[in-house]
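Novice: Pasting entry-v5.pdb here (PDB, C-alpha atoms):
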```
ATOM      1  CA  ILE O  23      -6.266   9.592  -4.266
ATOM      2  CA  VAL O  24      -6.289   6.890  -1.605
ATOM      3  CA  LEU O  25      -7.749   3.482  -2.395
ATOM      4  CA  GLY O  26      -8.949   1.804   0.799
ATOM      5  CA  MET O  27      -9.924  -1.838   0.967
ATOM      6  CA  MET O  28     -11.456  -4.164   3.575
ATOM      7  CA  TYR O  29     -12.734  -1.688   6.148
ATOM      8  CA  GLN O  30     -16.062  -0.019   6.789
ATOM      9  CA  GLY O  31     -17.183   1.952   3.774
ATOM     10  CA  ALA O  32     -14.668   0.411   1.402
ATOM     11  CA  VAL O  33     -14.767  -2.515  -1.005
ATOM     12  CA  ASP O  34     -13.663  -6.119  -0.744
ATOM     13  CA  ALA O  35      -9.923  -6.577  -1.079
ATOM     14  CA  THR O  36      -9.736  -8.568  -4.284
ATOM     15  CA  PRO O  37      -7.526  -8.155  -7.338
ATOM     16  CA  GLU O  38     -10.657  -7.444  -9.367
ATOM     17  CA  SER O  39     -11.779  -4.657  -7.018
ATOM     18  CA  LEU O  40      -8.335  -3.047  -7.007
ATOM     19  CA  ASN O  41      -8.033  -3.192 -10.786
ATOM     20  CA  SER O  42     -11.531  -1.744 -11.177
ATOM     21  CA  MET O  43     -10.737   1.222  -8.921
ATOM     22  CA  ILE O  44      -7.436   1.872 -10.679
ATOM     23  CA  GLU O  45      -9.143   1.852 -14.077
ATOM     24  CA  PHE O  46     -11.449   4.676 -12.944
ATOM     25  CA  LEU O  47      -8.595   6.951 -11.836
ATOM     26  CA  PRO O  48      -7.799  10.005 -13.977
ATOM     27  CA  GLU O  49      -4.881   9.686 -16.398
ATOM     28  CA  GLY O  50      -1.551  10.318 -14.674
ATOM     29  CA  CYS O  51      -3.112  10.169 -11.224
ATOM     30  CA  TYR O  52      -0.904   9.471  -8.214
ATOM     31  CA  PHE O  53      -2.588   6.922  -5.943
ATOM     32  CA  ASN O  54      -1.928   5.269  -2.627
ATOM     33  CA  CYS O  55      -3.365   1.939  -1.517
ATOM     34  CA  CYS O  56      -3.805   0.339   1.875
ATOM     35  CA  ALA O  57      -5.452  -2.931   2.848
ATOM     36  CA  THR O  58      -6.153  -4.618   6.138
ATOM     37  CA  SER O  59      -5.569  -7.991   7.712
ATOM     38  CA  ALA O  60      -4.651 -10.910   5.439
ATOM     39  CA  ALA O  61      -5.252  -8.722   2.363
ATOM     40  CA  GLN O  62      -2.452  -6.298   3.261
ATOM     41  CA  LEU O  63       0.449  -8.141   1.619
ATOM     42  CA  PRO O  64      -1.195  -9.256  -1.656
ATOM     43  CA  ILE O  65      -3.182  -6.081  -2.297
ATOM     44  CA  THR O  66      -0.371  -3.649  -1.528
ATOM     45  CA  THR O  67       2.006  -5.704  -3.669
ATOM     46  CA  MET O  68      -0.499  -5.622  -6.518
ATOM     47  CA  ALA O  69      -0.923  -1.859  -6.084
ATOM     48  CA  MET O  70       2.849  -1.432  -6.446
ATOM     49  CA  ILE O  71       2.787  -3.550  -9.598
ATOM     50  CA  ARG O  72       0.070  -1.254 -10.956
ATOM     51  CA  GLY O  73       2.212   1.831 -10.224
ATOM     52  CA  GLY O  74       0.742   2.990  -6.924
ATOM     53  CA  ALA O  75       2.212   3.891  -3.587
ATOM     54  CA  ILE O  76       1.300   1.855  -0.530
ATOM     55  CA  ARG O  77       0.812   2.097   3.202
ATOM     56  CA  VAL O  78       1.318  -0.794   5.610
ATOM     57  CA  GLY O  79       1.450  -1.008   9.372
ATOM     58  CA  LEU O  80       0.095  -2.417  12.589
ATOM     59  CA  GLU O  81      -2.885  -0.053  12.503
ATOM     60  CA  ASP O  82      -4.248  -2.123   9.602
ATOM     61  CA  ASN O  83      -2.734  -5.564  10.211
ATOM     62  CA  ILE O  84      -1.173  -7.083  13.326
ATOM     63  CA  TYR O  85       0.136 -10.247  11.639
ATOM     64  CA  TYR O  86       3.336 -10.801   9.688
ATOM     65  CA  SER O  87       2.047 -14.134   8.402
ATOM     66  CA  ARG O  88      -0.772 -16.511   9.260
ATOM     67  CA  GLY O  89      -0.803 -16.831  13.043
ATOM     68  CA  VAL O  90       2.469 -14.920  13.531
ATOM     69  CA  LEU O  91       2.151 -11.501  15.153
ATOM     70  CA  ALA O  92       4.244  -8.756  13.596
ATOM     71  CA  LYS O  93       6.964  -7.501  15.919
ATOM     72  CA  SER O  94       6.642  -3.890  14.786
ATOM     73  CA  ASN O  95       5.607  -1.528  12.013
ATOM     74  CA  ALA O  96       9.229  -1.622  10.912
ATOM     75  CA  GLU O  97       8.985  -5.348  10.214
ATOM     76  CA  LEU O  98       5.941  -4.855   7.956
ATOM     77  CA  VAL O  99       7.509  -1.855   6.209
ATOM     78  CA  ALA O 100      10.835  -3.657   5.709
ATOM     79  CA  ARG O 101       9.082  -6.559   3.958
ATOM     80  CA  MET O 102       7.360  -4.192   1.525
ATOM     81  CA  ALA O 103      10.608  -2.292   0.950
ATOM     82  CA  ARG O 104      12.283  -5.610   0.002
ATOM     83  CA  ILE O 105       9.430  -6.415  -2.385
ATOM     84  CA  ALA O 106       9.632  -2.918  -3.892
ATOM     85  CA  ALA O 107      13.394  -3.311  -4.382
ATOM     86  CA  GLU O 108      12.904  -6.659  -6.112
ATOM     87  CA  MET O 109      10.459  -4.956  -8.492
ATOM     88  CA  GLY O 110      12.802  -2.039  -9.132
ATOM     89  CA  ARG O 111      10.446   0.393  -7.364
ATOM     90  CA  PRO O 112      12.267   3.045  -5.315
ATOM     91  CA  VAL O 113      11.131   3.643  -1.740
ATOM     92  CA  ALA O 114      10.564   7.325  -0.953
ATOM     93  CA  LYS O 115      12.457   8.803   1.969
ATOM     94  CA  PRO O 116      10.305  10.922   4.330
ATOM     95  CA  ALA O 117      11.313  14.221   2.685
ATOM     96  CA  GLU O 118      10.583  12.767  -0.770
ATOM     97  CA  ALA O 119       7.184  11.514   0.388
ATOM     98  CA  ARG O 120       6.304  14.959   1.760
ATOM     99  CA  LYS O 121       7.239  16.500  -1.591
ATOM    100  CA  ILE O 122       5.241  13.914  -3.592
ATOM    101  CA  LEU O 123       2.213  14.502  -1.375
ATOM    102  CA  ARG O 124       2.742  18.276  -1.502
ATOM    103  CA  LEU O 125       3.127  18.471   2.266
ATOM    104  CA  ASP O 126       6.311  20.521   1.984
ATOM    105  CA  GLY O 127       4.504  23.851   1.620
ATOM    106  CA  ARG O 128       4.629  23.979  -2.180
TER     107      ARG O 128
END
```
Would you put the structure from the file into structure tokens?

Specialist:
Amino acid sequence: IVLGMMYQGAVDATPESLNSMIEFLPEGCYFNCCATSAAQLPITTMAMIRGGAIRVGLEDNIYYSRGVLAKSNAELVARMARIAAEMGRPVAKPAEARKILRLDGR
């Protein structure tokens, strides 16, 4: 299940909205969260705290911080990987992600 926030057809990117959506997920559900613009960092961090996977990148947010353009997707991903490491959350390698998402043919 993908939880999308702050784009057409989705909900406002607030902690309350994210928590509400998570509460409606089936027990043991694997979920992924993405958020756009200024909401990307706080909402994806909160999703990790709540046990979800995240997606970040320039397609959703071109800024690293207020008024500072991100240099690359790698810069945005590296920041979230550091945050994940600080929280003791492992970062999936590409092959692991394909297996988790059942994209490996199984």

Novice: Which value, in Å to one decimal, gives the distance between atom CA of O:Ser39 and atom CA of O:Ser59?

Specialist: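 About the pair atom CA of O:Ser39 and atom CA of O:Ser59: they are 16.3 Å apart.
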
Novice: Evaluating the PyMOL selection byres ((chain O and resi 88) around 12) on the displayed file yields which residues, as a tab-separated table (two decimals) with C-alpha atoms, in the coordinates of the input?

Specialist:
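Result went into expr-v7.tsv, see below:
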```tsv
chain	number	residue	atom	x	y	z
O	59	SER	CA	-5.57	-7.99	7.71
O	60	ALA	CA	-4.65	-10.91	5.44
O	61	ALA	CA	-5.25	-8.72	2.36
O	62	GLN	CA	-2.45	-6.30	3.26
O	63	LEU	CA	0.45	-8.14	1.62
O	83	ASN	CA	-2.73	-5.56	10.21
O	84	ILE	CA	-1.17	-7.08	13.33
O	85	TYR	CA	0.14	-10.25	11.64
O	86	TYR	CA	3.34	-10.80	9.69
O	87	SER	CA	2.05	-14.13	8.40
O	89	GLY	CA	-0.80	-16.83	13.04
O	90	VAL	CA	2.47	-14.92	13.53
O	91	LEU	CA	2.15	-11.50	15.15
O	92	ALA	CA	4.24	-8.76	13.60
```

Novice: Expand the PyMOL selection byres ((chain O and resi 99) around 12) into the individual residues it matches in the shown file, reporting them as a PyMOL selection string.

Specialist: chain O and resi 62-63+66-67+76-80+83+86+92-98+100-106+113

Novice: Ranking O:Glu108, O:Arg72, O:Tyr52, O:Glu81 by minimum distance to O:Ile122 and counting all atoms listed in the file, which one comes first?

Specialist: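 Under the stated criterion, the closest residue is O:Tyr52.
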
Novice: To one decimal place in Å, what is the distance between atom CA of O:Cys51 and atom CA of O:Gly73?

Specialist: 9.9 Å

Novice: Carefully work through the PyMOL selection byres ((chain O and resi 65) around 9) for this structure and note down the residues it includes, as a compact mmCIF listing (two decimals) with C-alpha atoms, in the frame of the given file.

Specialist:
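As written to disk, result.txt reads:
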```txt
# COMPACT_ATOMS: atom_id res chain seq x y z
CA MET O 27 -9.92 -1.84 0.97
CA ALA O 35 -9.92 -6.58 -1.08
CA THR O 36 -9.74 -8.57 -4.28
CA PRO O 37 -7.53 -8.15 -7.34
CA LEU O 40 -8.34 -3.05 -7.01
CA CYS O 55 -3.36 1.94 -1.52
CA CYS O 56 -3.80 0.34 1.88
CA ALA O 57 -5.45 -2.93 2.85
CA ALA O 61 -5.25 -8.72 2.36
CA GLN O 62 -2.45 -6.30 3.26
CA LEU O 63 0.45 -8.14 1.62
CA PRO O 64 -1.20 -9.26 -1.66
CA THR O 66 -0.37 -3.65 -1.53
CA THR O 67 2.01 -5.70 -3.67
CA MET O 68 -0.50 -5.62 -6.52
CA ALA O 69 -0.92 -1.86 -6.08
CA MET O 70 2.85 -1.43 -6.45
```

Novice: From the set O:Met43, O:Ala117, O:Ala107, O:Val33, which residue has the shortest atom-to-atom contact distance to O:Thr58, counting only C-alpha atoms?

Specialist: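 That would be O:Val33, the residue with the smallest distance to O:Thr58.
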
Novice: Please indicate the distance in Å from atom CA of O:Ile71 to atom CA of O:Met109, rounded to one decimal place.

Specialist: 7.9 Å

Novice: For O:Leu47, which of O:Gly127, O:Lys121, O:Asp34, O:Gly74 is the closest residue, counting only C-alpha atoms?

Specialist: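 Smallest separation from O:Leu47 among the options: O:Gly74.
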